[in-house]
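Asker: Compact mmCIF, C-alpha atoms, saved as structure13.txt, coming up:
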```
# COMPACT_ATOMS: atom_id res chain seq x y z
CA MET N 278 0.00 0.00 0.00
CA SER N 279 1.37 3.36 -0.92
CA GLU N 280 1.30 6.30 1.42
CA ALA N 281 -1.18 9.08 0.70
CA THR N 282 -1.65 12.67 1.72
CA ASN N 283 -4.94 12.97 3.58
CA ASN N 284 -4.92 16.61 4.74
CA LYS N 285 -4.44 15.33 8.28
CA LYS N 286 -7.87 13.73 8.50
CA THR N 287 -8.39 12.51 12.04
CA VAL N 288 -9.27 8.86 12.69
CA LEU N 289 -10.33 7.66 16.14
CA ILE N 290 -9.75 3.92 16.63
CA THR N 291 -10.72 1.98 19.75
CA GLY N 292 -8.95 -1.10 21.05
CA CYS N 293 -5.45 -0.48 19.69
CA SER N 294 -3.34 -2.49 22.13
CA SER N 295 -2.80 -5.31 19.64
CA GLY N 296 -4.18 -7.13 16.62
CA ILE N 297 -6.49 -5.32 14.22
CA GLY N 298 -6.55 -2.07 16.20
CA HIS N 299 -2.77 -1.79 16.47
CA CYS N 300 -2.25 -2.72 12.81
CA THR N 301 -4.89 -0.27 11.61
CA ALA N 302 -3.55 2.58 13.75
CA MET N 303 0.01 2.11 12.50
CA GLY N 304 -1.09 1.57 8.89
CA LEU N 305 -3.24 4.70 8.74
CA ALA N 306 -0.57 6.78 10.51
CA LYS N 307 1.98 5.75 7.90
CA ARG N 308 -0.55 6.66 5.24
CA GLY N 309 -0.71 10.24 6.51
CA TYR N 310 -3.74 10.25 8.77
CA GLN N 311 -3.78 11.78 12.23
CA VAL N 312 -4.69 8.75 14.36
CA ILE N 313 -6.09 8.80 17.87
CA ALA N 314 -5.64 5.30 19.27
CA THR N 315 -7.43 4.28 22.46
CA VAL N 316 -6.06 1.65 24.85
CA ARG N 317 -7.25 0.40 28.23
CA ASN N 318 -3.83 0.11 29.89
CA ILE N 319 -1.17 2.80 30.08
CA GLN N 320 1.63 0.33 29.33
CA ASP N 321 0.14 -0.28 25.88
CA LYS N 322 0.78 3.34 24.87
CA ASP N 323 4.47 2.69 24.17
CA ARG N 324 3.64 0.16 21.44
CA LEU N 325 2.01 2.85 19.31
CA ASN N 326 5.13 4.80 18.47
CA HIS N 327 4.53 7.06 15.46
CA PRO N 328 4.46 10.86 15.14
CA ASN N 329 0.96 10.71 13.61
CA ILE N 330 -0.48 8.72 16.53
CA GLN N 331 -1.92 10.21 19.71
CA THR N 332 -2.86 7.61 22.34
CA GLN N 333 -5.72 7.95 24.78
CA LEU N 334 -6.82 5.80 27.70
CA MET N 335 -10.44 4.67 27.34
CA ASP N 336 -12.46 1.81 28.81
CA LEU N 337 -15.73 1.20 26.96
CA GLN N 338 -17.22 -0.47 30.04
CA ASP N 339 -17.01 2.85 31.91
CA SER N 340 -19.12 5.84 30.81
CA SER N 341 -16.92 8.30 32.70
CA SER N 342 -13.83 6.91 30.96
CA ILE N 343 -15.51 7.36 27.57
CA GLN N 344 -16.46 10.97 28.33
CA LYS N 345 -13.09 11.89 29.85
CA GLY N 346 -11.26 10.29 26.96
CA LEU N 347 -13.36 12.05 24.34
CA ASP N 348 -13.00 15.41 26.13
CA ALA N 349 -9.22 14.97 26.20
CA ILE N 350 -9.18 14.05 22.50
CA LEU N 351 -11.15 17.14 21.50
CA GLN N 352 -9.24 19.50 23.81
CA ASN N 353 -5.70 18.24 23.23
CA GLY N 354 -6.02 16.92 19.71
CA PRO N 355 -7.11 18.46 16.41
CA GLY N 356 -10.58 19.32 17.74
CA HIS N 357 -12.45 17.26 15.15
CA ILE N 358 -12.97 13.60 14.26
CA ASP N 359 -13.45 12.63 10.63
CA VAL N 360 -13.54 8.85 11.04
CA LEU N 361 -14.50 6.59 13.96
CA PHE N 362 -13.42 2.96 13.74
CA ASN N 363 -15.20 1.03 16.50
CA ASN N 364 -12.77 -1.85 16.82
CA ALA N 365 -12.61 -2.65 20.56
CA GLY N 366 -14.28 -5.86 21.65
CA PHE N 367 -13.74 -9.34 23.06
CA GLY N 368 -15.37 -12.76 23.01
CA GLN N 369 -16.94 -14.56 25.97
CA PRO N 370 -16.95 -18.30 25.14
CA GLY N 371 -19.28 -20.83 26.69
CA ALA N 372 -22.67 -22.42 26.21
CA LEU N 373 -25.52 -19.99 26.75
CA ALA N 374 -26.81 -22.23 29.53
CA ASP N 375 -23.60 -21.52 31.48
CA ILE N 376 -22.98 -17.81 30.97
CA PRO N 377 -23.75 -15.80 34.13
CA ARG N 378 -25.80 -12.64 33.77
CA GLU N 379 -22.83 -10.47 34.80
CA ALA N 380 -20.61 -12.07 32.13
CA MET N 381 -23.25 -11.42 29.48
CA ARG N 382 -23.53 -7.83 30.74
CA GLN N 383 -19.75 -7.34 30.44
CA GLN N 384 -19.84 -8.73 26.90
CA PHE N 385 -22.48 -6.19 25.90
CA GLU N 386 -20.95 -3.31 27.89
CA THR N 387 -17.86 -3.36 25.68
CA ASN N 388 -19.08 -4.74 22.36
CA VAL N 389 -22.41 -2.89 22.25
CA PHE N 390 -23.24 -0.33 24.95
CA GLY N 391 -19.84 1.35 25.22
CA THR N 392 -19.41 1.30 21.46
CA LEU N 393 -22.82 2.91 20.97
CA GLU N 394 -22.19 5.54 23.67
CA LEU N 395 -18.94 6.65 22.02
CA THR N 396 -20.56 6.59 18.58
CA GLN N 397 -23.44 8.79 19.77
CA ALA N 398 -21.02 11.42 21.07
CA VAL N 399 -18.92 11.39 17.90
CA LEU N 400 -22.00 11.51 15.65
CA ARG N 401 -23.01 14.86 17.14
CA ARG N 402 -19.62 16.28 16.16
CA MET N 403 -19.80 14.77 12.69
CA HIS N 404 -23.30 16.13 12.16
CA GLN N 405 -22.04 19.62 12.99
CA GLN N 406 -19.18 19.12 10.53
CA GLY N 407 -21.56 17.87 7.85
CA GLN N 408 -19.49 14.80 7.12
CA GLY N 409 -17.88 11.73 8.64
CA ARG N 410 -17.33 7.99 8.46
CA ILE N 411 -18.41 5.48 11.12
CA LEU N 412 -16.92 1.98 10.88
CA PHE N 413 -17.89 -0.97 13.07
CA ASN N 414 -15.63 -3.99 13.37
CA SER N 415 -18.16 -6.80 13.48
CA SER N 416 -17.54 -10.45 12.59
CA VAL N 417 -18.76 -13.32 10.48
CA LEU N 418 -20.57 -14.15 13.73
CA GLY N 419 -22.51 -10.94 13.29
CA PHE N 420 -24.71 -12.66 10.69
CA VAL N 421 -24.32 -16.39 11.50
CA SER N 422 -24.05 -18.10 14.89
CA LEU N 423 -21.69 -20.82 16.04
CA PRO N 424 -22.46 -22.91 19.15
CA TYR N 425 -20.66 -22.16 22.43
CA ARG N 426 -20.14 -18.55 21.36
CA GLY N 427 -23.63 -17.31 22.17
CA ALA N 428 -22.65 -14.16 24.09
CA TYR N 429 -20.30 -13.03 21.35
CA ASN N 430 -22.78 -13.99 18.60
CA ALA N 431 -25.50 -11.93 20.29
CA SER N 432 -23.27 -8.88 20.79
CA LYS N 433 -22.13 -8.84 17.17
CA HIS N 434 -25.65 -9.39 15.84
CA ALA N 435 -26.75 -6.43 17.98
CA LEU N 436 -23.86 -4.34 16.68
CA GLU N 437 -24.88 -5.04 13.10
CA ALA N 438 -28.47 -4.01 13.83
CA LEU N 439 -27.22 -0.74 15.34
CA ALA N 440 -25.02 -0.04 12.32
CA ASP N 441 -27.85 -0.79 9.88
CA THR N 442 -30.19 1.52 11.79
CA LEU N 443 -27.67 4.36 11.95
CA ARG N 444 -27.08 4.07 8.21
CA LEU N 445 -30.79 4.55 7.57
CA GLU N 446 -31.17 7.37 10.07
CA PHE N 447 -28.20 9.34 8.71
CA HIS N 448 -28.96 8.84 5.03
CA ASP N 449 -28.03 11.93 2.98
CA SER N 450 -26.33 13.53 6.00
CA GLY N 451 -22.78 13.21 4.68
CA ILE N 452 -22.10 10.55 7.32
CA TYR N 453 -21.41 7.05 5.97
CA VAL N 454 -21.74 3.90 8.09
CA SER N 455 -19.91 0.68 7.18
CA LEU N 456 -19.48 -2.75 8.75
CA ILE N 457 -16.18 -4.65 8.61
CA GLU N 458 -16.88 -8.40 8.93
CA PRO N 459 -13.73 -10.46 9.47
CA GLY N 460 -13.41 -14.18 9.88
CA PRO N 461 -10.26 -15.63 11.48
CA ILE N 462 -7.55 -12.97 11.86
CA ARG N 463 -4.17 -13.30 13.58
CA SER N 464 -4.54 -11.58 16.95
CA HIS N 465 -4.66 -12.15 20.72
CA PHE N 466 -8.40 -12.84 20.52
CA ARG N 467 -8.10 -16.42 21.80
CA LYS N 468 -5.92 -15.39 24.74
CA THR N 469 -8.54 -12.87 25.87
CA ALA N 470 -11.36 -15.36 25.27
CA LEU N 471 -9.57 -18.01 27.35
CA ARG N 472 -9.26 -15.58 30.26
CA ALA N 473 -12.99 -14.74 30.06
CA PHE N 474 -13.86 -18.44 29.88
CA MET N 475 -11.81 -19.33 32.96
CA GLN N 476 -13.24 -16.41 34.95
CA ASN N 477 -16.91 -16.95 34.17
CA ILE N 478 -17.67 -20.58 33.24
CA ASP N 479 -18.15 -23.26 35.89
CA VAL N 480 -16.81 -26.16 33.84
CA GLU N 481 -17.18 -28.93 36.44
CA ASN N 482 -20.87 -28.27 37.07
CA SER N 483 -21.80 -27.72 33.43
CA LEU N 484 -23.96 -29.95 31.27
CA PHE N 485 -21.28 -29.41 28.62
CA ARG N 486 -18.19 -30.19 30.73
CA ASN N 487 -17.02 -32.96 28.35
CA HIS N 488 -17.27 -30.65 25.38
CA TYR N 489 -15.43 -27.91 27.26
CA LYS N 490 -12.27 -30.02 27.28
CA LYS N 491 -12.15 -29.52 23.52
CA VAL N 492 -12.98 -25.84 23.87
CA LEU N 493 -10.12 -25.33 26.33
CA CYS N 494 -7.72 -27.15 24.04
CA ARG N 495 -8.72 -24.87 21.15
CA LEU N 496 -8.46 -21.69 23.16
CA GLN N 497 -5.08 -22.67 24.58
CA THR N 498 -3.71 -23.24 21.08
CA GLU N 499 -2.62 -20.11 19.23
CA ASP N 500 -3.92 -20.91 15.74
CA GLN N 501 -2.22 -17.98 14.03
CA HIS N 502 -1.47 -19.78 10.77
CA GLY N 503 -4.64 -21.73 10.02
CA LYS N 504 -5.71 -22.39 6.46
CA PHE N 505 -8.20 -19.51 6.41
CA THR N 506 -6.49 -17.17 8.89
CA LEU N 507 -5.32 -13.83 7.50
CA PRO N 508 -3.05 -11.16 8.99
CA PRO N 509 -4.68 -7.98 10.35
CA GLU N 510 -3.46 -6.11 7.25
CA ALA N 511 -6.40 -7.72 5.43
CA VAL N 512 -8.73 -5.68 7.64
CA LEU N 513 -6.60 -2.54 7.19
CA LYS N 514 -7.13 -2.81 3.44
CA ARG N 515 -10.93 -2.71 3.85
CA VAL N 516 -10.74 0.12 6.39
CA ILE N 517 -8.76 2.24 3.92
CA HIS N 518 -11.40 1.66 1.24
CA ALA N 519 -14.22 2.50 3.68
CA ILE N 520 -12.46 5.76 4.58
CA GLU N 521 -11.28 6.89 1.16
CA SER N 522 -13.94 5.67 -1.28
CA PRO N 523 -16.49 8.30 -2.38
CA ARG N 524 -19.13 5.57 -2.01
CA PRO N 525 -17.99 3.18 0.75
CA LYS N 526 -19.55 -0.25 0.91
CA ILE N 527 -22.17 -1.10 3.51
CA ARG N 528 -20.40 -4.38 4.37
CA TYR N 529 -16.82 -5.47 3.89
CA TYR N 530 -16.21 -9.21 4.09
CA VAL N 531 -12.73 -10.31 5.19
CA THR N 532 -11.43 -13.91 4.84
CA LEU N 533 -12.82 -16.76 2.76
CA PRO N 534 -15.11 -18.17 5.51
CA THR N 535 -16.96 -14.85 5.69
CA TYR N 536 -17.66 -14.86 1.96
CA MET N 537 -18.70 -18.53 2.09
CA PHE N 538 -21.09 -18.08 5.01
CA ALA N 539 -22.63 -14.99 3.42
CA ILE N 540 -23.41 -17.03 0.29
CA CYS N 541 -24.70 -20.00 2.29
CA LYS N 542 -26.97 -17.76 4.34
CA ARG N 543 -28.60 -16.51 1.14
CA LEU N 544 -28.91 -19.85 -0.63
CA LEU N 545 -29.28 -22.67 1.91
CA PRO N 546 -32.41 -23.55 3.89
CA LEU N 547 -32.05 -23.12 7.64
CA PHE N 548 -31.69 -26.82 8.48
CA LEU N 549 -28.72 -27.08 6.09
CA GLN N 550 -27.20 -23.91 7.54
CA ASP N 551 -27.48 -25.48 11.00
CA SER N 552 -25.79 -28.67 9.80
CA LEU N 553 -22.96 -26.68 8.25
CA LEU N 554 -22.39 -24.61 11.40
CA ARG N 555 -22.31 -27.74 13.58
CA LEU N 556 -19.70 -29.22 11.23
CA VAL N 557 -17.61 -26.08 11.51
CA GLU N 558 -17.68 -26.27 15.30
CA LYS N 559 -16.70 -29.93 15.16
CA TYR N 560 -13.85 -29.17 12.77
CA GLU N 561 -12.58 -26.31 14.96
CA ASN N 562 -12.41 -28.50 18.04
CA GLN N 563 -10.65 -31.36 16.21
CA LYS N 564 -7.76 -29.21 15.02
CA PRO N 565 -4.46 -29.89 16.79
```
Mind turning the file's structure into structure tokens?

Answerer:
Amino acid sequence: MSEATNNKKTVLITGCSSGIGHCTAMGLAKRGYQVIATVRNIQDKDRLNHPNIQTQLMDLQDSSSIQKGLDAILQNGPGHIDVLFNNAGFGQPGALADIPREAMRQQFETNVFGTLELTQAVLRRMHQQGQGRILFNSSVLGFVSLPYRGAYNASKHALEALADTLRLEFHDSGIYVSLIEPGPIRSHFRKTALRAFMQNIDVENSLFRNHYKKVLCRLQTEDQHGKFTLPPEAVLKRVIHAIESPRPKIRYYVTLPTYMFAICKRLLPLFLQDSLLRLVEKYENQKP
């Protein structure tokens, strides 16, 4: 990708400690954008070393953190936000029968409620400016569901509904809303999911305790080079198009599984979709 002059357009990206967020922040900074990268921990700031990057502490589970962070961005930064890339999020594994209410709440606080709260605040600024781009990092699990990922499935389905609604409500406003829908991407996603699983799932007293042995094996294995796994630069490529295209797409599929599931969802009857998704789960848990 070649660098481009972007008149110092400002891009706010959440969840930049690693993976997609870190890659996108660095890639856009090198391309000439002024990037504001949010992280939850102060030690993660040092990893975002580029003159075009300003880091900001922000925890999407905390309304006061969102407001303080946004105030600091507007006061100490360029004073405007041209693009918001809602990237922060995590996955809470486990059968729906086993996920405590508080764990489900935490899943939605970050992936949905905090994301929406920040988006609402930025939208007011963009509406005053008369232009802007809002990007949501969703997932293939935003339009299909795999078993034992119910909390994450639900949060991403909700996020897609919010994005679709915002797109309709801000039609002809100069504000474009796009969804990025990755499949497997090299990141620390499994490490975070394993921590959430161990904290919130009572394996020994579960109806699914035998199955969870396979789940734990999968989560403890860093599958960074699977057949369909792509580097985070694949997402960066779609983000650049969503920012720079005069007519950005509504949805950007990333990785072959996302394209395949999108086609299957259109063409296959539901009972065949269910069979396919059960096979995928079985395949995932059989991998070494």

Asker: One number please: atom CA of N:Lys345 to atom CA of N:His327, in Å, one decimal.

Answerer: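 Atom CA of N:His327 lies 23.3 Å from atom CA of N:Lys345.
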
Asker: Tell me which protein, DNA and RNA residues are within 8 Å of N:Ala519, counting all atoms listed in the file, leaving out same-chain ones fewer than 6 positions away, and put them as a list in words.

Answerer: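 Surrounding residues, per the criterion: Arg410, Leu412, Ser455, Pro525 and Lys526 of chain N.
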
Asker: By how many Å are atom CA of N:Thr532 and atom CA of N:Thr506 apart?

Answerer: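 Between atom CA of N:Thr532 and atom CA of N:Thr506 the gap works out to 7.2 Å.
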
Asker: Kindly indicate which residue among N:Gly304, N:Pro370, N:Gly451, N:Pro461 lies nearest to N:Tyr530, using only C-alpha atoms for the distances.

Answerer: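 Checking each candidate against N:Tyr530, we get N:Pro461 as the closest.
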
Asker: Quick one, how far is atom CA of N:Asp375 from atom CA of N:Val492?

Answerer: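 Distance between the two atoms: 13.8 Å.
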
Asker: So that I can see what lies close to stretch 392-407 of chain N, please list as a VMD selection string the residues with an atom at most 8 Å from it, counting all atoms listed in the file and leaving out residues fewer than 5 positions away in the same chain.

Answerer: chain N and resid 337 340 343 357 to 359 361 363 365 387 450 to 452

Asker: Rank nothing, just name the residue among N:Ile319, N:Ala302, N:Cys494, N:Leu443 nearest to N:Glu561, using only C-alpha atoms.

Answerer: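 Once distances to N:Glu561 are computed over only C-alpha atoms, the minimum belongs to N:Cys494.
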
Asker: Pick from N:Tyr453, N:Phe413, N:Phe485, N:Phe447: nearest to N:Ala374, with only C-alpha atoms counted?

Answerer: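 So, comparing all the options, the nearest one is N:Phe485.
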
Asker: Please provide the set of residues having any atom within 9 Å of stretch 511-517 of chain N, restricted to all atoms listed in the file, with same-chain residues fewer than 3 positions apart removed, written as a PyMOL selection string.

Answerer: chain N and resi 278+297+300-302+304-305+362+412+457-459+462+507-508+520-522+529-532

Asker: Counting all atoms listed in the file, which residue out of N:Gly460, N:Gly292, N:Pro377, N:Gly366 sits closest to N:Phe390?

Answerer: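 Among the listed residues, N:Gly366 lies closest to N:Phe390.
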
Asker: Counting all atoms listed in the file, note down every residue that has an atom within 12 Å of the point (-21.7, -11.1, 32.0) (file coordinates), as a CSV table (one decimal) with C-alpha atoms, keeping the file's coordinate frame.

Answerer:
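In the end it all went to result.csv:
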```csv
chain,number,residue,atom,x,y,z
N,338,GLN,CA,-17.2,-0.5,30.0
N,368,GLY,CA,-15.4,-12.8,23.0
N,369,GLN,CA,-16.9,-14.6,26.0
N,370,PRO,CA,-17.0,-18.3,25.1
N,371,GLY,CA,-19.3,-20.8,26.7
N,373,LEU,CA,-25.5,-20.0,26.8
N,375,ASP,CA,-23.6,-21.5,31.5
N,376,ILE,CA,-23.0,-17.8,31.0
N,377,PRO,CA,-23.8,-15.8,34.1
N,378,ARG,CA,-25.8,-12.6,33.8
N,379,GLU,CA,-22.8,-10.5,34.8
N,380,ALA,CA,-20.6,-12.1,32.1
N,381,MET,CA,-23.2,-11.4,29.5
N,382,ARG,CA,-23.5,-7.8,30.7
N,383,GLN,CA,-19.8,-7.3,30.4
N,384,GLN,CA,-19.8,-8.7,26.9
N,385,PHE,CA,-22.5,-6.2,25.9
N,386,GLU,CA,-21.0,-3.3,27.9
N,387,THR,CA,-17.9,-3.4,25.7
N,388,ASN,CA,-19.1,-4.7,22.4
N,427,GLY,CA,-23.6,-17.3,22.2
N,428,ALA,CA,-22.6,-14.2,24.1
N,429,TYR,CA,-20.3,-13.0,21.4
N,432,SER,CA,-23.3,-8.9,20.8
N,473,ALA,CA,-13.0,-14.7,30.1
N,474,PHE,CA,-13.9,-18.4,29.9
N,476,GLN,CA,-13.2,-16.4,35.0
N,477,ASN,CA,-16.9,-17.0,34.2
N,478,ILE,CA,-17.7,-20.6,33.2
```

Asker: Select, from N:Asn487, N:Asn318, N:Asn364, N:Thr535, the residue with the minimum atom-to-atom distance to N:Thr332, counting only C-alpha atoms.

Answerer: N:Asn318

Asker: Can you pull out every residue within 12 Å of N:Leu547, counting only C-alpha atoms, but drop anything in the same chain fewer than 6 positions away, and send it as a PDB file with C-alpha atoms, keeping the file's coordinate frame?

Answerer:
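Wrote it out as part_23.pdb, contents follow:
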```pdb
ATOM      1  CA  VAL N 421     -24.320 -16.390  11.500  1.00  0.00           C
ATOM      2  CA  SER N 422     -24.050 -18.100  14.890  1.00  0.00           C
ATOM      3  CA  CYS N 541     -24.700 -20.000   2.290  1.00  0.00           C
ATOM      4  CA  LEU N 553     -22.960 -26.680   8.250  1.00  0.00           C
ATOM      5  CA  LEU N 554     -22.390 -24.610  11.400  1.00  0.00           C
TER       6      LEU N 554
END
```

Asker: In terms of the shortest atom-to-atom distance over all atoms listed in the file, which of N:Leu347, N:Leu289, N:Val557, N:Met537 is closest to N:Tyr425?

Answerer: N:Val557
